[in-house]
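Visitor: Enclosed is the structure file upload21.txt (compact mmCIF, C-alpha atoms).
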# COMPACT_ATOMS: atom_id res chain seq x y z
CA MET R 16 6.83 -25.29 20.94
CA GLN R 17 3.75 -27.18 19.74
CA PRO R 18 2.55 -26.90 16.13
CA LEU R 19 -0.68 -25.20 15.18
CA GLY R 20 -3.55 -27.57 14.64
CA PRO R 21 -4.96 -29.23 11.52
CA ASP R 22 -5.93 -27.42 8.35
CA LEU R 23 -9.29 -25.91 7.61
CA PRO R 24 -10.55 -25.74 4.01
CA HIS R 25 -10.04 -22.49 2.15
CA THR R 26 -12.94 -20.09 2.56
CA HIS R 27 -14.74 -18.43 -0.32
CA PRO R 28 -12.94 -15.34 -1.64
CA ARG R 29 -14.66 -12.68 0.48
CA PRO R 30 -13.53 -10.49 3.43
CA VAL R 31 -13.87 -12.74 6.45
CA HIS R 32 -11.53 -13.08 9.40
CA TRP R 33 -9.38 -16.03 10.35
CA LEU R 34 -11.15 -18.74 12.34
CA ALA R 35 -9.69 -20.03 15.59
CA THR R 36 -10.89 -22.94 17.72
CA ALA R 37 -9.39 -25.26 20.32
CA THR R 38 -8.42 -28.84 19.60
CA ALA R 39 -7.86 -31.60 22.15
CA LEU R 40 -4.26 -30.42 22.44
CA ALA R 41 -5.33 -26.77 22.80
CA ALA R 42 -3.74 -25.97 19.47
CA VAL R 43 -5.10 -23.23 17.21
CA VAL R 44 -6.90 -24.14 14.02
CA ALA R 45 -6.62 -21.41 11.39
CA GLY R 46 -8.41 -20.89 8.06
CA ALA R 47 -7.88 -18.40 5.26
CA ALA R 48 -9.20 -14.85 5.32
CA VAL R 49 -8.87 -13.47 1.84
CA PHE R 50 -10.92 -12.03 -0.96
CA GLN R 51 -10.34 -11.80 -4.66
CA PRO R 52 -8.84 -8.57 -6.00
CA SER R 53 -11.53 -6.90 -8.07
CA ASP R 54 -9.35 -6.48 -11.15
CA ALA R 55 -7.32 -9.70 -10.98
CA LYS R 56 -7.96 -11.99 -13.93
CA ALA R 57 -4.90 -14.15 -14.44
CA THR R 58 -3.53 -17.21 -12.69
CA THR R 59 -0.09 -17.99 -11.32
CA ASP R 60 0.91 -20.14 -14.31
CA THR R 61 3.36 -17.46 -15.43
CA PRO R 62 6.51 -17.47 -13.25
CA THR R 63 7.54 -14.12 -11.82
CA THR R 64 10.41 -12.74 -9.80
CA ALA R 65 9.89 -10.76 -6.59
CA ALA R 66 10.95 -7.16 -6.81
CA ALA R 67 12.07 -4.66 -4.23
CA PRO R 68 9.37 -2.25 -3.00
CA GLY R 69 8.94 0.58 -5.46
CA ALA R 70 10.69 -1.24 -8.29
CA GLY R 71 9.17 -2.36 -11.56
CA THR R 72 8.63 -6.05 -12.23
CA PRO R 73 9.60 -8.17 -15.23
CA GLY R 74 7.07 -7.67 -18.03
CA ALA R 75 5.87 -4.36 -16.62
CA PRO R 76 8.64 -1.78 -17.13
CA GLY R 77 8.17 1.33 -15.05
CA VAL R 78 5.24 -0.05 -13.04
CA LYS R 79 6.02 0.47 -9.38
CA ALA R 80 4.97 -1.85 -6.60
CA PRO R 81 2.65 -0.33 -3.97
CA ASP R 82 4.44 1.41 -1.10
CA PRO R 83 3.28 -0.33 2.12
CA THR R 84 4.18 2.68 4.27
CA THR R 85 1.43 4.76 2.62
CA ALA R 86 -1.45 2.25 2.96
CA ASP R 87 -4.34 2.70 5.38
CA TYR R 88 -4.55 -0.60 7.28
CA PRO R 89 -7.69 -1.76 9.15
CA VAL R 90 -5.72 -2.03 12.39
CA ASP R 91 -6.75 -0.28 15.60
CA CYS R 92 -3.57 0.83 17.36
CA GLY R 93 -5.14 3.54 19.52
CA PRO R 94 -2.61 6.37 19.91
CA GLU R 95 0.23 4.27 18.50
CA THR R 96 1.31 4.05 14.86
CA VAL R 97 1.26 1.03 12.57
CA ASP R 98 4.71 -0.39 11.85
CA VAL R 99 5.49 -2.26 8.61
CA THR R 100 7.74 -5.02 9.91
CA ASP R 101 8.26 -6.87 6.64
CA ARG R 102 7.41 -6.49 2.95
CA ALA R 103 7.96 -8.06 -0.45
CA SER R 104 6.72 -7.27 -3.95
CA GLY R 105 6.01 -9.28 -7.09
CA ASP R 106 3.35 -10.02 -9.68
CA LEU R 107 1.34 -12.47 -7.58
CA ASP R 108 -1.60 -12.96 -9.97
CA GLY R 109 0.25 -12.84 -13.29
CA ASP R 110 -1.55 -9.75 -14.61
CA GLY R 111 1.67 -7.86 -15.34
CA ARG R 112 1.27 -5.48 -12.39
CA PRO R 113 3.18 -5.88 -9.11
CA GLU R 114 1.51 -6.32 -5.74
CA THR R 115 3.09 -5.84 -2.34
CA VAL R 116 2.60 -8.12 0.66
CA ALA R 117 3.01 -6.23 3.93
CA VAL R 118 3.35 -7.55 7.46
CA VAL R 119 2.28 -4.93 9.99
CA ARG R 120 1.66 -4.51 13.70
CA CYS R 121 1.07 -1.74 16.20
CA HIS R 122 4.16 0.05 17.41
CA SER R 123 5.24 -1.01 20.90
CA ALA R 124 8.38 -0.51 22.93
CA THR R 125 7.70 -3.75 24.83
CA GLY R 126 5.96 -7.03 24.10
CA THR R 127 4.96 -8.48 20.74
CA PRO R 128 1.74 -7.02 19.32
CA PRO R 129 -0.14 -9.38 16.96
CA SER R 130 0.61 -9.13 13.27
CA GLY R 131 -1.53 -8.46 10.24
CA MET R 132 -0.63 -9.53 6.72
CA TYR R 133 -2.13 -7.77 3.70
CA VAL R 134 -1.81 -7.79 -0.09
CA LEU R 135 -1.66 -4.32 -1.62
CA ALA R 136 -2.38 -3.22 -5.19
CA GLN R 137 -1.94 0.15 -6.83
CA PRO R 138 -4.70 2.70 -6.15
CA ASP R 139 -7.55 2.81 -8.66
CA GLY R 140 -8.16 6.52 -8.11
CA LYS R 141 -11.87 5.97 -7.47
CA GLY R 142 -11.85 6.56 -3.72
CA LYS R 143 -12.32 10.17 -2.64
CA GLY R 144 -9.11 11.47 -1.11
CA GLU R 145 -7.44 8.09 -1.56
CA ALA R 146 -6.08 8.42 -5.07
CA GLY R 147 -2.52 7.93 -3.90
CA ARG R 148 -3.06 5.16 -1.36
CA PRO R 149 -2.52 1.49 -2.23
CA ARG R 150 -5.63 -0.71 -2.09
CA ILE R 151 -5.83 -3.66 0.28
CA VAL R 152 -7.06 -6.48 -1.97
CA ALA R 153 -6.53 -9.45 0.35
CA THR R 154 -6.13 -10.14 4.05
CA PHE R 155 -3.96 -13.14 4.85
CA LEU R 156 -3.89 -12.59 8.61
CA ASP R 157 -5.99 -10.31 10.80
CA PRO R 158 -4.44 -8.97 14.04
CA GLU R 159 -7.65 -9.99 15.82
CA GLU R 160 -6.44 -13.59 15.59
CA ARG R 161 -3.59 -12.69 17.99
CA MET R 162 -0.83 -14.33 15.95
CA SER R 163 2.66 -13.17 14.99
CA VAL R 164 4.51 -13.71 11.72
CA THR R 165 8.07 -14.91 11.26
CA ASP R 166 10.08 -16.46 8.40
CA PHE R 167 8.16 -14.28 5.93
CA ALA R 168 9.21 -14.70 2.29
CA LEU R 169 7.99 -14.23 -1.28
CA ARG R 170 9.46 -16.63 -3.82
CA GLY R 171 8.07 -16.26 -7.31
CA THR R 172 4.31 -16.10 -6.70
CA LYS R 173 4.25 -18.01 -3.40
CA VAL R 174 4.03 -16.16 -0.07
CA SER R 175 5.23 -18.20 2.89
CA ALA R 176 5.42 -17.56 6.62
CA THR R 177 5.45 -19.22 10.01
CA LEU R 178 2.53 -18.23 12.24
CA LEU R 179 3.10 -18.08 15.97
CA GLY R 180 0.23 -18.30 18.46
CA TYR R 181 -0.76 -19.07 22.03
CA SER R 182 -2.43 -22.16 23.45
CA SER R 183 -4.19 -20.23 26.25
CA GLN R 184 -4.61 -16.81 27.83
CA GLN R 185 -2.16 -17.88 30.53
CA VAL R 186 0.76 -18.03 28.12
CA PRO R 187 2.76 -14.75 28.31
CA ARG R 188 2.21 -12.61 25.20
CA CYS R 189 5.97 -12.42 24.76
CA CYS R 190 6.41 -16.15 24.31
CA PRO R 191 4.15 -17.91 21.76
CA ASP R 192 4.00 -21.68 22.26
CA LEU R 193 2.31 -22.70 18.98
CA GLN R 194 3.58 -22.53 15.42
CA ARG R 195 2.57 -23.57 11.91
CA LYS R 196 4.21 -23.03 8.52
CA VAL R 197 1.79 -21.83 5.85
CA ASN R 198 1.83 -20.42 2.35
CA TRP R 199 -0.54 -18.63 -0.01
CA GLN R 200 -0.63 -18.71 -3.80
CA TRP R 201 -2.96 -17.36 -6.49
CA GLN R 202 -4.88 -20.25 -8.08
CA ASP R 203 -8.05 -20.27 -10.17
CA GLY R 204 -8.83 -16.62 -9.51
CA LYS R 205 -8.23 -16.53 -5.76
CA PHE R 206 -5.51 -16.81 -3.14
CA VAL R 207 -5.34 -20.31 -1.69
CA LEU R 208 -3.98 -21.05 1.77
CA LYS R 209 -1.95 -24.20 2.41
CA ALA R 210 -0.87 -25.21 5.88
CA LEU R 211 2.26 -27.37 5.68
CA PRO R 212 2.36 -30.74 7.44
CA VAL R 213 3.46 -30.78 11.05
CA ALA R 214 6.91 -32.29 11.54
CA GLY R 215 6.57 -36.01 12.25
CA SER R 216 2.98 -36.25 10.96
CA VAL R 217 1.83 -38.44 8.08
For this file, write the structure as structure tokens.
Guide:
Amino acid sequence: MQPLGPDLPHTHPRPVHWLATATALAAVVAGAAVFQPSDAKATTDTPTTAAAPGAGTPGAPGVKAPDPTTADYPVDCGPETVDVTDRASGDLDGDGRPETVAVVRCHSATGTPPSGMYVLAQPDGKGKGEAGRPRIVATFLDPEERMSVTDFALRGTKVSATLLGYSSQQVPRCCPDLQRKVNWQWQDGKFVLKALPVAGSV
């Protein structure tokens, strides 16, 4: 399996999708797709410990992490449902309130639908009819980029994953042939994407 291509600089914190372009080796080049949570104001200088979904976090007794199964994701699955395939919770921005990172994809009995990865915060109660739904405050990966997520983890305030992709339309959708390890962390008021070096590179 070939690695995903070289890094792109982090985009400004606004809702834009991942970028994908071909390199000489037909690898995928991916950039961040996040925006700043409207009420986040702290940095990741304060270490935190990930908590189980629905549990309180250190420093915020009784504050529950957003439940990813109740969120309304911007994913078009047609008649199928959206499955939450992985999740982890912790105080990612150091504001004393837990967020939840959810990995989702459309339900399918066969094949591997592309994944989406979202950061959820507690509802603000301002949206009509949405008082109980978690807010999506950042998009790490949009399903439109046709990638899958594996090795997902939240350690302290760092979210890490391996992204799997395809070098061409001819590659069967069951069998991705590209991969790249990445992580995200809250720094200077925004989530910052870092693509880890490819094995054997300088």
Visitor: What does the distance from atom CA of R:Asp98 to atom CA of R:Val119 come to in Å, to one decimal?
Guide: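 Straight-line distance from atom CA of R:Asp98 to atom CA of R:Val119 works out to 5.5 Å.
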Visitor: Please provide the set of residues having any atom within 8 Å of R:Thr177, restricted to all atoms listed in the file, with same-chain residues fewer than 2 positions apart removed, written as JSON, numbers by chain.
Guide: {"R": [164, 165, 166, 167, 175, 179, 194, 195, 196, 197]}
Visitor: Quick one, how far is atom CA of R:Asp110 from atom CA of R:Thr85?
Guide: 22.7 Å
Visitor: Could you work out how far atom CA of R:Pro212 lies from atom CA of R:Arg102, giving the answer in Å with one decimal?
Guide: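 Atom-to-atom, atom CA of R:Arg102 and atom CA of R:Pro212 are spaced 25.2 Å apart.
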Visitor: Can you pull out every residue within 9 Å of R:Pro191, counting all atoms listed in the file, but drop anything in the same chain fewer than 4 positions away, and send it as an MDAnalysis selection string?
Guide: chainID R and resid 16 162:163 179:182 186:187
Visitor: Looking at R:Val116, R:Met132, R:Leu107, R:Ala210, which one is nearest to R:Pro149, with distances taken over all atoms listed in the file?
Guide: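 The closest residue to R:Pro149 is R:Val116.
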Visitor: Counting only C-alpha atoms, note down every residue that has an atom within 9 Å of the point (-6.7, 6.3, 6.5) (file coordinates), as number ranges by chain.
Guide: R: 86-89, 145, 148
Visitor: For stretch 116-160 of chain R against stretch 90-96 of chain R, with a cut-off of 8 Å and counting all atoms listed in the file, what is the closest atom pair and its distance in Å to one decimal for every residue that makes the cut, ordered by chain and number, as CSV?
Guide:
residue,atom,partner,partner_atom,distance
R:Arg120,CA,R:Val90,CA,7.9
R:Cys121,CA,R:Cys92,CA,5.4
R:His122,CA,R:Thr96,CA,5.5
R:Ser123,CA,R:Glu95,CA,7.7
R:Gly131,CA,R:Val90,CA,8.0
R:Pro158,CA,R:Val90,CA,7.2
